[in-house]
file coords_30.cif (mmCIF, C-alpha atoms)
data_data
#
loop_
_atom_site.label_atom_id
_atom_site.label_comp_id
_atom_site.auth_asym_id
_atom_site.auth_seq_id
_atom_site.Cartn_x
_atom_site.Cartn_y
_atom_site.Cartn_z
CA MET A 1 114.98 50.54 81.83
CA ASN A 2 117.48 49.48 84.53
CA ILE A 3 119.36 51.69 86.96
CA SER A 4 121.67 50.97 89.88
CA HIS A 5 120.77 51.10 93.57
CA GLU A 6 122.84 54.31 93.94
CA ASP A 7 121.12 56.01 90.98
CA ALA A 8 117.72 55.19 92.47
CA GLN A 9 118.80 56.64 95.82
CA GLN A 10 120.08 59.80 94.14
CA SER A 11 116.85 60.21 92.20
CA LEU A 12 114.73 59.85 95.34
CA ALA A 13 116.95 62.36 97.15
CA ALA A 14 116.50 64.79 94.24
CA VAL A 15 112.71 64.34 94.44
CA GLU A 16 112.71 65.05 98.20
CA GLN A 17 114.91 68.11 97.74
CA ALA A 18 112.76 69.55 94.94
CA THR A 19 109.55 68.95 96.90
CA ALA A 20 110.93 70.64 100.03
CA GLN A 21 112.28 73.55 97.98
CA VAL A 22 108.85 74.24 96.46
CA GLY A 23 107.13 74.14 99.85
CA LYS A 24 109.65 76.55 101.37
CA SER A 25 109.65 78.87 98.38
CA ILE A 26 105.87 79.20 98.36
CA ALA A 27 105.84 79.75 102.11
CA ALA A 28 108.46 82.49 101.74
CA LEU A 29 106.47 84.22 99.02
CA SER A 30 103.21 84.30 100.88
CA ALA A 31 104.30 84.74 104.49
CA GLY A 32 107.77 86.34 104.51
CA SER A 33 106.66 89.97 104.16
CA ILE A 34 103.74 89.50 106.56
CA LEU A 35 106.01 88.00 109.23
CA ILE A 36 108.47 90.89 108.85
CA LEU A 37 105.62 93.38 109.27
CA TRP A 38 104.23 91.67 112.39
CA GLY A 39 107.71 91.16 113.82
CA LEU A 40 108.34 94.91 113.58
CA ILE A 41 104.93 95.64 115.10
CA TRP A 42 105.59 93.32 118.05
CA ILE A 43 109.05 94.79 118.68
CA LEU A 44 107.76 98.36 118.47
CA SER A 45 104.74 97.60 120.65
CA PHE A 46 106.75 95.92 123.41
CA LEU A 47 109.39 98.65 123.40
CA VAL A 48 106.74 101.37 123.59
CA ALA A 49 105.07 99.46 126.44
CA GLN A 50 108.35 99.09 128.29
CA PHE A 51 109.46 102.69 128.07
CA PHE A 52 106.52 104.98 127.34
CA LEU A 53 102.84 104.20 127.44
CA ALA A 54 100.13 102.23 129.17
CA TRP A 55 99.11 99.02 127.45
CA VAL A 56 95.80 98.97 125.68
CA TRP A 57 95.56 101.79 123.15
CA TYR A 58 98.78 101.55 121.22
CA TRP A 59 98.33 97.76 120.86
CA MET A 60 94.97 98.45 119.23
CA VAL A 61 96.48 101.12 116.96
CA LEU A 62 99.49 99.00 115.98
CA GLY A 63 97.25 95.95 115.57
CA ALA A 64 95.04 97.92 113.16
CA ILE A 65 98.15 99.09 111.25
CA GLY A 66 99.35 95.47 111.07
CA THR A 67 95.97 94.26 109.79
CA ALA A 68 95.83 97.03 107.17
CA GLY A 69 99.43 96.25 106.16
CA THR A 70 98.65 92.53 105.84
CA ILE A 71 95.68 93.28 103.59
CA LEU A 72 97.83 95.61 101.45
CA ILE A 73 100.57 92.97 101.08
CA CYS A 74 98.00 90.33 100.09
CA ARG A 75 96.35 92.68 97.58
CA LYS A 76 99.72 93.61 96.08
CA GLN A 77 100.62 89.94 95.73
CA SER A 78 97.36 89.15 93.96
CA ARG A 79 97.70 92.22 91.65
CA THR A 80 101.29 91.57 90.59
CA GLY A 81 100.43 87.92 90.14
CA ILE A 82 101.57 85.36 92.64
CA PRO A 83 103.51 82.58 90.92
CA VAL A 84 101.23 79.85 92.21
CA LYS A 85 97.52 80.19 91.57
CA SER A 86 94.48 78.06 92.05
CA ALA A 87 90.76 78.46 91.69
CA ALA A 88 90.50 78.19 95.46
CA SER A 89 93.33 80.60 96.41
CA LYS A 90 91.22 83.79 96.41
CA LYS A 91 88.58 82.19 98.60
CA ILE A 92 91.28 80.82 100.91
CA GLY A 93 92.80 84.32 101.30
CA TRP A 94 89.49 85.70 102.55
CA LYS A 95 88.94 82.63 104.73
CA TYR A 96 92.29 83.32 106.40
CA PHE A 97 91.28 86.95 106.96
CA TRP A 98 87.91 86.08 108.50
CA SER A 99 89.42 83.25 110.57
CA TRP A 100 91.92 85.68 112.14
CA THR A 101 89.20 88.27 112.68
CA ALA A 102 86.95 85.68 114.35
CA LEU A 103 89.83 84.47 116.51
CA PHE A 104 90.55 87.96 117.83
CA VAL A 105 86.89 88.80 118.39
CA TYR A 106 86.51 85.59 120.40
CA ALA A 107 89.81 86.18 122.21
CA THR A 108 88.49 89.60 123.25
CA ILE A 109 85.26 88.01 124.49
CA TRP A 110 87.23 85.42 126.49
CA LEU A 111 89.37 88.21 127.91
CA PHE A 112 86.28 90.01 129.24
CA ILE A 113 84.94 86.77 130.71
CA LEU A 114 88.22 85.70 132.29
CA GLU A 115 89.06 89.19 133.61
CA PRO A 116 92.87 88.93 133.73
CA ARG A 117 94.56 90.43 136.77
CA ASN A 118 97.06 92.59 134.89
CA SER A 119 98.12 93.78 131.46
CA ILE A 120 100.95 91.25 131.21
CA GLN A 121 98.46 88.43 131.65
CA SER A 122 96.26 89.93 128.89
CA ASN A 123 99.26 90.31 126.63
CA ALA A 124 100.50 86.75 127.21
CA PHE A 125 96.93 85.59 126.52
CA PHE A 126 96.75 87.40 123.13
CA CYS A 127 100.28 86.37 122.13
CA THR A 128 99.60 82.70 122.84
CA ILE A 129 96.24 82.94 121.01
CA ALA A 130 98.07 84.27 117.91
CA MET A 131 100.69 81.54 118.21
CA PHE A 132 97.96 78.92 118.62
CA ALA A 133 96.68 80.07 115.22
CA TYR A 134 100.21 79.75 113.77
CA VAL A 135 100.47 76.20 115.12
CA ILE A 136 97.11 75.23 113.60
CA MET A 137 98.05 76.80 110.24
CA GLY A 138 101.40 75.01 110.42
CA LEU A 139 99.69 71.67 110.99
CA TRP A 140 97.60 72.15 107.83
CA ASP A 141 100.42 73.56 105.70
CA THR A 142 102.92 71.43 103.77
CA SER A 143 106.03 73.32 104.88
CA ARG A 144 105.40 73.13 108.68
CA PHE A 145 107.51 76.24 109.38
CA LEU A 146 104.56 78.07 110.99
CA LEU A 147 104.12 75.14 113.38
CA TRP A 148 107.71 75.43 114.66
CA LEU A 149 107.62 79.23 114.72
CA GLY A 150 104.34 79.16 116.69
CA LEU A 151 105.72 76.66 119.21
CA GLY A 152 109.01 78.61 119.55
CA VAL A 153 107.32 81.95 120.23
CA THR A 154 104.89 80.27 122.65
CA VAL A 155 107.89 79.02 124.64
CA CYS A 156 109.27 82.61 124.64
CA VAL A 157 105.94 83.93 125.98
CA LEU A 158 105.80 81.26 128.70
CA ILE A 159 109.40 81.93 129.77
CA GLY A 160 108.64 85.67 129.79
CA TYR A 161 105.45 85.20 131.81
CA TYR A 162 106.67 82.67 134.38
CA LEU A 163 110.40 83.22 134.69
CA VAL A 164 111.21 86.82 133.76
CA PRO A 165 110.40 89.51 136.38
CA HIS A 166 107.24 91.27 135.20
CA GLN A 167 108.87 94.69 134.96
CA TYR A 168 111.14 93.24 132.25
CA TYR A 169 108.47 91.22 130.45
CA CYS A 170 108.20 93.65 127.51
CA LEU A 171 111.95 93.95 127.26
CA TRP A 172 112.12 90.16 127.01
CA MET A 173 109.25 89.83 124.51
CA ALA A 174 110.48 92.50 122.06
CA PRO A 175 113.61 90.63 120.90
CA THR A 176 112.36 87.06 121.49
CA GLY A 177 108.71 87.15 120.34
CA GLY A 178 108.91 90.04 117.86
CA GLY A 179 112.47 89.14 116.91
CA ALA A 180 111.49 85.54 116.14
CA LEU A 181 108.77 86.70 113.74
CA LEU A 182 111.08 89.27 112.12
CA VAL A 183 114.09 86.97 111.74
CA THR A 184 111.94 84.13 110.37
CA GLY A 185 110.38 86.50 107.81
CA ILE A 186 113.79 87.84 106.73
CA TYR A 187 115.29 84.35 106.63
CA GLN A 188 112.42 83.10 104.46
CA ARG A 189 112.73 85.97 102.00
CA TRP A 190 116.49 85.67 101.62
CA ARG A 191 117.12 81.95 101.86
CA TRP A 192 113.99 80.19 100.67
CA ARG A 193 113.27 82.17 97.52
CA MET B 1 104.88 46.07 89.41
CA ALA B 2 105.44 49.70 88.38
CA ASP B 3 108.32 50.29 85.94
CA LEU B 4 110.68 53.20 85.77
CA ASN B 5 109.36 55.90 83.49
CA ASN B 6 111.76 56.99 80.73
CA VAL B 7 110.17 60.41 80.28
CA ILE B 8 110.14 61.28 83.99
CA HIS B 9 113.49 59.75 84.97
CA GLN B 10 115.60 62.36 83.12
CA PRO B 11 117.03 64.53 86.01
CA VAL B 12 115.56 67.89 84.95
CA ARG B 13 112.15 66.41 84.21
CA LEU B 14 112.25 64.55 87.53
CA GLN B 15 112.85 67.91 89.27
CA ILE B 16 110.04 69.56 87.30
CA MET B 17 107.59 66.79 88.12
CA SER B 18 108.63 66.74 91.81
CA SER B 19 107.99 70.49 92.02
CA LEU B 20 104.60 70.26 90.30
CA VAL B 21 103.40 67.24 92.26
CA ALA B 22 104.28 69.05 95.51
CA LEU B 23 101.55 71.60 94.73
CA ASP B 24 97.93 71.07 95.64
CA LEU B 25 95.64 69.39 93.11
CA ASP B 26 94.19 72.52 91.50
CA GLU B 27 97.33 74.68 91.72
CA GLN B 28 99.20 76.04 88.72
CA VAL B 29 102.72 77.44 88.77
CA ASP B 30 104.14 80.32 86.77
CA PHE B 31 106.76 79.41 84.12
CA THR B 32 109.19 82.17 85.24
CA TYR B 33 108.91 81.16 88.88
CA LEU B 34 109.58 77.51 87.98
CA ARG B 35 112.58 78.54 85.85
CA LYS B 36 114.09 80.53 88.74
CA LEU B 37 113.30 77.82 91.28
CA LEU B 38 115.00 75.10 89.24
CA LYS B 39 117.79 77.41 88.02
CA LEU B 40 117.17 76.63 84.33
CA THR B 41 117.19 78.71 81.17
CA ASP B 42 113.99 79.56 79.28
CA GLY B 43 114.91 77.24 76.42
CA ASN B 44 115.90 74.33 78.61
CA LEU B 45 112.78 74.47 80.76
CA GLY B 46 110.58 75.01 77.69
CA ALA B 47 112.00 71.94 75.95
CA HIS B 48 111.49 69.68 78.96
CA LEU B 49 107.99 71.00 79.59
CA LEU B 50 107.11 70.31 75.97
CA LYS B 51 108.25 66.71 76.35
CA LEU B 52 106.15 66.30 79.50
CA GLU B 53 103.16 67.96 77.83
CA THR B 54 103.46 65.63 74.81
CA ALA B 55 103.37 62.66 77.20
CA GLY B 56 100.19 64.13 78.74
CA TYR B 57 101.81 64.60 82.16
CA ILE B 58 101.44 68.39 82.38
CA LYS B 59 99.21 71.12 80.96
CA MET B 60 100.33 74.62 80.00
CA GLU B 61 97.96 77.56 79.99
CA LYS B 62 98.78 80.98 78.57
CA THR B 63 97.01 83.89 80.24
CA PHE B 64 97.35 87.60 81.03
CA VAL B 65 98.11 88.93 84.52
CA ALA B 66 98.15 92.73 84.90
CA ARG B 67 98.19 92.93 81.05
CA LYS B 68 101.37 90.85 80.83
CA PRO B 69 101.42 87.42 79.21
CA ARG B 70 102.09 84.59 81.66
CA THR B 71 102.31 80.85 81.22
CA PHE B 72 101.05 78.63 84.02
CA VAL B 73 101.95 74.96 84.29
CA THR B 74 100.02 72.26 86.10
CA VAL B 75 100.40 68.51 86.47
CA THR B 76 97.62 66.30 85.11
CA GLY B 77 96.06 63.32 86.85
CA LYS B 78 97.90 61.03 84.42
CA GLY B 79 101.15 62.87 85.30
CA ARG B 80 100.58 62.42 89.03
CA ASP B 81 99.91 58.69 88.56
CA ALA B 82 102.98 58.25 86.34
CA PHE B 83 105.15 60.13 88.85
CA ASN B 84 103.88 58.04 91.77
CA ASP B 85 104.48 54.83 89.79
CA HIS B 86 108.00 56.03 89.02
CA LEU B 87 108.65 56.72 92.72
CA THR B 88 107.33 53.27 93.63
CA ALA B 89 109.70 51.71 91.10
CA LEU B 90 112.65 53.69 92.51
CA LYS B 91 111.79 52.61 96.06
CA LYS B 92 111.58 48.99 94.97
CA ILE B 93 115.11 49.20 93.56
CA ILE B 94 116.33 50.44 96.93
CA LYS B 95 114.30 47.96 98.97
CA PRO B 96 113.44 44.98 96.74
CA THR B 97 110.51 42.82 97.92
CA LYS B 98 111.69 39.64 99.64
CA ARG B 99 110.82 36.47 97.73
CA ARG B 100 109.62 33.38 99.61
#

call {"tool": "encode", "arguments": {"input": "coords_30.cif", "output": "structure tokens"}}
result
Amino acid sequence: MNISHEDAQQSLAAVEQATAQVGKSIAALSAGSILILWGLIWILSFLVAQFFLAWVWYWMVLGAIGTAGTILICRKQSRTGIPVKSAASKKIGWKYFWSWTALFVYATIWLFILEPRNSIQSNAFFCTIAMFAYVIMGLWDTSRFLLWLGLGVTVCVLIGYYLVPHQYYCLWMAPTGGGALLVTGIYQRWRWR
Amino acid sequence: MADLNNVIHQPVRLQIMSSLVALDLDEQVDFTYLRKLLKLTDGNLGAHLLKLETAGYIKMEKTFVARKPRTFVTVTGKGRDAFNDHLTALKKIIKPTKRR
């Protein structure tokens, strides 16, 4: 079987396109809804912090709502039948859950040890911890989008912490941090499916 | 030297194989999802899958999810090898090895 140089190039381009499409599509299926949920939670939390309440309690409440929502989304996906399955996928789902739980338990321990000076420092600490997890997941994942999202939001947190006056920190983080999660989730669901 | 593979080289089957090989080793993909992803009809996808299955490059497994029948498709080890050989052959056409 003989084909021309151009045909070979076209075939390889088609292979690359199909491979990328699968990676993106799977990422959109599994993470799109979860990112939208957490994006909304971040936006709501930062806006509440800016205009209404003191820091700690509502973050805990909204964090618990986000965790419960994430579990519900994952359970719904496994009940209705996710289009890609593997013998390992159920175990991996629980491993993700326990990894996140462990990360936040340890982050809380570090917070007590480090004794941050103010609530903005604590918040920047937790946000960068979450984004650190995104970066690690992105490094292991085929589609890499979590890596870039994690790095992007980390930059937003650092700009907010170092450059934005602290009284406007929450106002900055709501559209940039929360917005980045929300827009990425929506973009994935609409464009990558 | 690896040769081009007649079964895999057909454009639709090349797309199917690229999609399946992109998955992890033990992963299976739903027929309906694959059909939507590749923008094919049931009949068209079914016919190409059958050809790939006959060649031993993929496996199809019928199962029930939430009491509904579903077909899952996975690439075999032989399919992965054949696909990689085909890619190698394509790359060699683009960049032929220099002869001394």

call {"tool": "residues_near_point", "arguments": {"input": "coords_30.cif", "point": "(114.2, 48.6, 95.0)", "cutoff": "12 Å", "atoms": "all atoms listed in the file", "output": "ChimeraX atom specification"}}
result
/A:2-9,12 /B:1-4,86-98

call {"tool": "atom_distance", "arguments": {"input": "coords_30.cif", "atom1": "CA of Val12 in chain B", "atom2": "CA of Leu38 in chain B"}}
result
8.4 Å

call {"tool": "atom_distance", "arguments": {"input": "coords_30.cif", "atom1": "CA of Ile58 in chain B", "atom2": "CA of Val73 in chain B"}}
result
6.9 Å

call {"tool": "resolve_selection", "arguments": {"input": "coords_30.cif", "expression": "the PyMOL selection byres ((chain A and resi 104-112) around 9)", "output": "number ranges by chain"}}
result
A: 99-103, 113-116, 122, 125-126, 129-130

call {"tool": "atom_distance", "arguments": {"input": "coords_30.cif", "atom1": "CA of Lys36 in chain B", "atom2": "CA of Ile16 in chain B"}}
result
11.8 Å

call {"tool": "resolve_selection", "arguments": {"input": "coords_30.cif", "expression": "the PyMOL selection byres ((chain A and resi 158) around 12)", "output": "list in words"}}
result
Ile120, Gln121, Asn123, Ala124, Phe125, Cys127, Thr128, Met131, Leu151, Gly152, Val153, Thr154, Val155, Cys156, Val157, Ile159, Gly160, Tyr161, Tyr162, Leu163, Val164, Tyr169, Trp172, Met173, Thr176 and Gly177 of chain A

call {"tool": "closest_residue", "arguments": {"input": "coords_30.cif", "among": "B:Leu23, B:Met17, B:Leu50, B:Val29", "to": "chain A", "atoms": "only C-alpha atoms"}}
result
B:Val29

call {"tool": "resolve_selection", "arguments": {"input": "coords_30.cif", "expression": "the PyMOL selection byres ((chain A and resi 37-40) around 7)", "output": "list in words"}}
result
Ser33, Ile34, Leu35, Ile36, Ile41, Trp42, Ile43, Leu44, Gly66, Gly178, Gly179, Leu181 and Leu182 of chain A

call {"tool": "write_last_selection", "arguments": {"input": "coords_30.cif", "atoms": "C-alpha atoms", "output": "compact mmCIF listing (two decimals), in the frame of the given file"}}
result
# COMPACT_ATOMS: atom_id res chain seq x y z
CA SER A 33 106.66 89.97 104.16
CA ILE A 34 103.74 89.50 106.56
CA LEU A 35 106.01 88.00 109.23
CA ILE A 36 108.47 90.89 108.85
CA ILE A 41 104.93 95.64 115.10
CA TRP A 42 105.59 93.32 118.05
CA ILE A 43 109.05 94.79 118.68
CA LEU A 44 107.76 98.36 118.47
CA GLY A 66 99.35 95.47 111.07
CA GLY A 178 108.91 90.04 117.86
CA GLY A 179 112.47 89.14 116.91
CA LEU A 181 108.77 86.70 113.74
CA LEU A 182 111.08 89.27 112.12

call {"tool": "residues_near_point", "arguments": {"input": "coords_30.cif", "point": "(111.5, 86.4, 102.9)", "cutoff": "7 Å", "atoms": "only C-alpha atoms", "output": "VMD selection string"}}
result
chain A and resid 28 to 29 32 to 33 185 to 190

call {"tool": "closest_residue", "arguments": {"input": "coords_30.cif", "among": "A:Ile71, A:Ala13, A:Met1, A:Ile26", "to": "Phe145 in chain A", "atoms": "only C-alpha atoms"}}
result
A:Ile26

call {"tool": "closest_residue", "arguments": {"input": "coords_30.cif", "among": "A:Thr19, A:Leu147, A:Val48, A:Lys95", "to": "chain B", "atoms": "only C-alpha atoms"}}
result
A:Thr19

call {"tool": "interface_residues", "arguments": {"input": "coords_30.cif", "of": "chain B", "to": "chain A", "cutoff": "7 Å", "atoms": "all atoms listed in the file", "output": "MDAnalysis selection string"}}
result
chainID B and resid 4 14:15 18:19 22 26:30 33 65:66 90 93:94
